[in-house]
Amino acid sequence: MTLFAAKEKKKNIILWGISLGAATILKSIKDYDIRPQKIIIECPFGSMLDATRGRIRTMGIPPTPLSEILLFWGSLERHFWAFDHAPAEYAKSVKCPVLLNWGKNDKRVTIEETHQIFNNIPVAAKKLVIFEHSGHQSFCKNEKALWEKEVSSFLKQ
């Protein structure tokens, strides 16, 4: 969708992505200079290394050095340097209002990653919402009332 929006110069596009989808939105904005009207990003990871560490942590295994080894091996297998994939850096290219949602019980994405992404977004029209009773999951399913309130308010602005 993001490539189509960029190619066709569509207007009034609002993008919403969760986890990898949120990271993809940030990368697409940077790489293709797409200009959505607004974006809603939920649980984006700060970097591919952070994402790998988060996944390893959820298995109850110390994240280092296994995360680094896996990312290095994956880089060789996929012929790209995965250590450079950094949604927190891509956030610096955002030029539209942003609603960033994160779950307080998220075992994969840390609050530090979330704050790094939020702080790197260079626009004043941004909001971070922390869902107190959620983890790395769909907030519109788990905390529906709060999610609907925040998204509705954001879309009306």
# chains A, B, ... in the order shown; residues from 1 in each chain; ligands from 1

$ residues_around --residues "A:His115" --least-positions-apart "3" --cutoff "12 Å" --atoms "only C-alpha atoms" --output "JSON, numbers by chain"
{"A": [43, 44, 45, 46, 88, 91, 100, 101, 102, 109, 110, 111, 112, 118, 119, 120, 121, 127, 128, 129, 130]}

$ write_last_selection --atoms "N, CA, C and O atoms" --output "PDB file, in the first residue's frame"
ATOM      1  N   CYS A  43       3.590  -0.385  18.688  1.00  0.00           N
ATOM      2  CA  CYS A  43       4.645  -1.347  19.048  1.00  0.00           C
ATOM      3  C   CYS A  43       5.776  -1.462  18.034  1.00  0.00           C
ATOM      4  O   CYS A  43       6.292  -2.565  17.809  1.00  0.00           O
ATOM      5  N   PRO A  44       6.218  -0.361  17.408  1.00  0.00           N
ATOM      6  CA  PRO A  44       7.355  -0.530  16.500  1.00  0.00           C
ATOM      7  C   PRO A  44       8.634  -0.792  17.295  1.00  0.00           C
ATOM      8  O   PRO A  44       8.814  -0.243  18.373  1.00  0.00           O
ATOM      9  N   PHE A  45       9.479  -1.645  16.760  1.00  0.00           N
ATOM     10  CA  PHE A  45      10.772  -1.901  17.399  1.00  0.00           C
ATOM     11  C   PHE A  45      11.763  -0.836  16.967  1.00  0.00           C
ATOM     12  O   PHE A  45      11.637  -0.239  15.898  1.00  0.00           O
ATOM     13  N   GLY A  46      12.776  -0.587  17.799  1.00  0.00           N
ATOM     14  CA  GLY A  46      13.753   0.458  17.517  1.00  0.00           C
ATOM     15  C   GLY A  46      14.746   0.095  16.437  1.00  0.00           C
ATOM     16  O   GLY A  46      15.171   0.931  15.649  1.00  0.00           O
ATOM     17  N   ALA A  88      13.864   3.416  14.532  1.00  0.00           N
ATOM     18  CA  ALA A  88      14.066   4.609  15.368  1.00  0.00           C
ATOM     19  C   ALA A  88      14.752   5.711  14.566  1.00  0.00           C
ATOM     20  O   ALA A  88      14.444   6.895  14.744  1.00  0.00           O
ATOM     21  N   ALA A  91      12.326   7.242  11.909  1.00  0.00           N
ATOM     22  CA  ALA A  91      11.341   8.155  12.505  1.00  0.00           C
ATOM     23  C   ALA A  91      11.733   9.619  12.294  1.00  0.00           C
ATOM     24  O   ALA A  91      10.866  10.502  12.274  1.00  0.00           O
ATOM     25  N   LEU A 100       1.557   7.261  18.462  1.00  0.00           N
ATOM     26  CA  LEU A 100       2.413   6.115  18.775  1.00  0.00           C
ATOM     27  C   LEU A 100       1.833   5.411  19.994  1.00  0.00           C
ATOM     28  O   LEU A 100       1.711   6.015  21.063  1.00  0.00           O
ATOM     29  N   ASN A 101       1.453   4.153  19.830  1.00  0.00           N
ATOM     30  CA  ASN A 101       0.864   3.364  20.917  1.00  0.00           C
ATOM     31  C   ASN A 101       1.815   2.248  21.329  1.00  0.00           C
ATOM     32  O   ASN A 101       2.455   1.624  20.477  1.00  0.00           O
ATOM     33  N   TRP A 102       1.860   2.002  22.645  1.00  0.00           N
ATOM     34  CA  TRP A 102       2.729   0.950  23.185  1.00  0.00           C
ATOM     35  C   TRP A 102       2.045   0.310  24.391  1.00  0.00           C
ATOM     36  O   TRP A 102       1.350   0.979  25.152  1.00  0.00           O
ATOM     37  N   VAL A 109       9.100  -5.231  22.794  1.00  0.00           N
ATOM     38  CA  VAL A 109       9.551  -3.865  22.538  1.00  0.00           C
ATOM     39  C   VAL A 109       9.627  -3.141  23.874  1.00  0.00           C
ATOM     40  O   VAL A 109       8.653  -3.101  24.622  1.00  0.00           O
ATOM     41  N   THR A 110      10.772  -2.554  24.165  1.00  0.00           N
ATOM     42  CA  THR A 110      10.969  -1.890  25.450  1.00  0.00           C
ATOM     43  C   THR A 110      10.451  -0.451  25.427  1.00  0.00           C
ATOM     44  O   THR A 110      10.293   0.150  24.357  1.00  0.00           O
ATOM     45  N   ILE A 111      10.234   0.085  26.610  1.00  0.00           N
ATOM     46  CA  ILE A 111       9.835   1.488  26.724  1.00  0.00           C
ATOM     47  C   ILE A 111      10.961   2.395  26.215  1.00  0.00           C
ATOM     48  O   ILE A 111      10.694   3.457  25.639  1.00  0.00           O
ATOM     49  N   GLU A 112      12.202   1.980  26.370  1.00  0.00           N
ATOM     50  CA  GLU A 112      13.334   2.773  25.881  1.00  0.00           C
ATOM     51  C   GLU A 112      13.301   2.887  24.352  1.00  0.00           C
ATOM     52  O   GLU A 112      13.536   3.979  23.810  1.00  0.00           O
ATOM     53  N   PHE A 118       9.767   7.896  19.609  1.00  0.00           N
ATOM     54  CA  PHE A 118       8.952   9.085  19.851  1.00  0.00           C
ATOM     55  C   PHE A 118       9.809  10.354  19.830  1.00  0.00           C
ATOM     56  O   PHE A 118       9.450  11.349  19.184  1.00  0.00           O
ATOM     57  N   ASN A 119      10.930  10.330  20.503  1.00  0.00           N
ATOM     58  CA  ASN A 119      11.810  11.500  20.557  1.00  0.00           C
ATOM     59  C   ASN A 119      12.438  11.837  19.209  1.00  0.00           C
ATOM     60  O   ASN A 119      12.773  12.993  18.945  1.00  0.00           O
ATOM     61  N   ASN A 120      12.594  10.842  18.347  1.00  0.00           N
ATOM     62  CA  ASN A 120      13.172  11.073  17.019  1.00  0.00           C
ATOM     63  C   ASN A 120      12.173  11.628  16.013  1.00  0.00           C
ATOM     64  O   ASN A 120      12.571  12.105  14.951  1.00  0.00           O
ATOM     65  N   ILE A 121      10.903  11.565  16.313  1.00  0.00           N
ATOM     66  CA  ILE A 121       9.886  12.115  15.405  1.00  0.00           C
ATOM     67  C   ILE A 121       9.964  13.636  15.518  1.00  0.00           C
ATOM     68  O   ILE A 121       9.712  14.186  16.589  1.00  0.00           O
ATOM     69  N   LYS A 127       1.797  12.100  19.648  1.00  0.00           N
ATOM     70  CA  LYS A 127       1.305  11.686  20.956  1.00  0.00           C
ATOM     71  C   LYS A 127       1.701  10.239  21.205  1.00  0.00           C
ATOM     72  O   LYS A 127       1.586   9.390  20.324  1.00  0.00           O
ATOM     73  N   LEU A 128       2.159   9.976  22.424  1.00  0.00           N
ATOM     74  CA  LEU A 128       2.472   8.615  22.860  1.00  0.00           C
ATOM     75  C   LEU A 128       1.396   8.192  23.849  1.00  0.00           C
ATOM     76  O   LEU A 128       1.147   8.881  24.839  1.00  0.00           O
ATOM     77  N   VAL A 129       0.766   7.062  23.562  1.00  0.00           N
ATOM     78  CA  VAL A 129      -0.235   6.500  24.467  1.00  0.00           C
ATOM     79  C   VAL A 129       0.271   5.150  24.948  1.00  0.00           C
ATOM     80  O   VAL A 129       0.650   4.294  24.141  1.00  0.00           O
ATOM     81  N   ILE A 130       0.287   4.975  26.266  1.00  0.00           N
ATOM     82  CA  ILE A 130       0.709   3.705  26.856  1.00  0.00           C
ATOM     83  C   ILE A 130      -0.536   2.970  27.338  1.00  0.00           C
ATOM     84  O   ILE A 130      -1.308   3.488  28.142  1.00  0.00           O
TER      85      ILE A 130
END

$ select_by_dssp --residues "stretch 67-129 of chain A" --states "strand (DSSP E)" --output "list in words"
Val98, Leu99, Leu100, Asn101, Trp102, Gly103, Lys126, Lys127, Leu128 and Val129 of chain A

$ write_last_selection --atoms "N, CA, C and O atoms" --output "PDB file, in the first residue's frame"
ATOM      1  N   VAL A  98       1.578  12.081  14.323  1.00  0.00           N
ATOM      2  CA  VAL A  98       1.821  10.680  14.675  1.00  0.00           C
ATOM      3  C   VAL A  98       1.122  10.334  15.984  1.00  0.00           C
ATOM      4  O   VAL A  98       1.229  11.066  16.969  1.00  0.00           O
ATOM      5  N   LEU A  99       0.439   9.193  15.977  1.00  0.00           N
ATOM      6  CA  LEU A  99      -0.051   8.575  17.206  1.00  0.00           C
ATOM      7  C   LEU A  99       0.776   7.310  17.394  1.00  0.00           C
ATOM      8  O   LEU A  99       0.745   6.410  16.550  1.00  0.00           O
ATOM      9  N   LEU A 100       1.557   7.261  18.462  1.00  0.00           N
ATOM     10  CA  LEU A 100       2.413   6.115  18.775  1.00  0.00           C
ATOM     11  C   LEU A 100       1.833   5.411  19.994  1.00  0.00           C
ATOM     12  O   LEU A 100       1.711   6.015  21.063  1.00  0.00           O
ATOM     13  N   ASN A 101       1.453   4.153  19.830  1.00  0.00           N
ATOM     14  CA  ASN A 101       0.864   3.364  20.917  1.00  0.00           C
ATOM     15  C   ASN A 101       1.815   2.248  21.329  1.00  0.00           C
ATOM     16  O   ASN A 101       2.455   1.624  20.477  1.00  0.00           O
ATOM     17  N   TRP A 102       1.860   2.002  22.645  1.00  0.00           N
ATOM     18  CA  TRP A 102       2.729   0.950  23.185  1.00  0.00           C
ATOM     19  C   TRP A 102       2.045   0.310  24.391  1.00  0.00           C
ATOM     20  O   TRP A 102       1.350   0.979  25.152  1.00  0.00           O
ATOM     21  N   GLY A 103       2.228  -0.981  24.569  1.00  0.00           N
ATOM     22  CA  GLY A 103       1.654  -1.706  25.699  1.00  0.00           C
ATOM     23  C   GLY A 103       2.643  -1.851  26.833  1.00  0.00           C
ATOM     24  O   GLY A 103       3.778  -2.306  26.628  1.00  0.00           O
ATOM     25  N   LYS A 126       2.483  15.080  17.804  1.00  0.00           N
ATOM     26  CA  LYS A 126       2.710  13.656  18.063  1.00  0.00           C
ATOM     27  C   LYS A 126       2.224  13.342  19.470  1.00  0.00           C
ATOM     28  O   LYS A 126       2.235  14.208  20.359  1.00  0.00           O
ATOM     29  N   LYS A 127       1.797  12.100  19.648  1.00  0.00           N
ATOM     30  CA  LYS A 127       1.305  11.686  20.956  1.00  0.00           C
ATOM     31  C   LYS A 127       1.701  10.239  21.205  1.00  0.00           C
ATOM     32  O   LYS A 127       1.586   9.390  20.324  1.00  0.00           O
ATOM     33  N   LEU A 128       2.159   9.976  22.424  1.00  0.00           N
ATOM     34  CA  LEU A 128       2.472   8.615  22.860  1.00  0.00           C
ATOM     35  C   LEU A 128       1.396   8.192  23.849  1.00  0.00           C
ATOM     36  O   LEU A 128       1.147   8.881  24.839  1.00  0.00           O
ATOM     37  N   VAL A 129       0.766   7.062  23.562  1.00  0.00           N
ATOM     38  CA  VAL A 129      -0.235   6.500  24.467  1.00  0.00           C
ATOM     39  C   VAL A 129       0.271   5.150  24.948  1.00  0.00           C
ATOM     40  O   VAL A 129       0.650   4.294  24.141  1.00  0.00           O
TER      41      VAL A 129
END

$ select_by_dssp --residues "stretch 32-126 of chain A" --states "helix (DSSP H, G or I)" --output "ChimeraX atom specification"
/A:32,48-58,66-78,82-84,87-93,111-120

$ atom_distance --atom1 "atom CA of A:Lys149" --atom2 "atom CA of A:Ser28"
27.2 Å

$ closest_residue --among "A:Lys104, A:Arg57, A:Lys30, A:His136" --to "A:Pro87" --atoms "only C-alpha atoms"
A:Lys30

$ closest_residue --among "A:Ile13, A:Ala86, A:Ile18, A:Ile117" --to "A:Leu155" --atoms "only C-alpha atoms"
A:Ile13

$ closest_residue --among "A:Ile40, A:Leu76, A:Gly17, A:Asp31" --to "A:Glu150" --atoms "only C-alpha atoms"
A:Ile40

$ closest_residue --among "A:Met48, A:Leu70, A:Ala125, A:Leu15" --to "A:Ala82" --atoms "only C-alpha atoms"
A:Met48
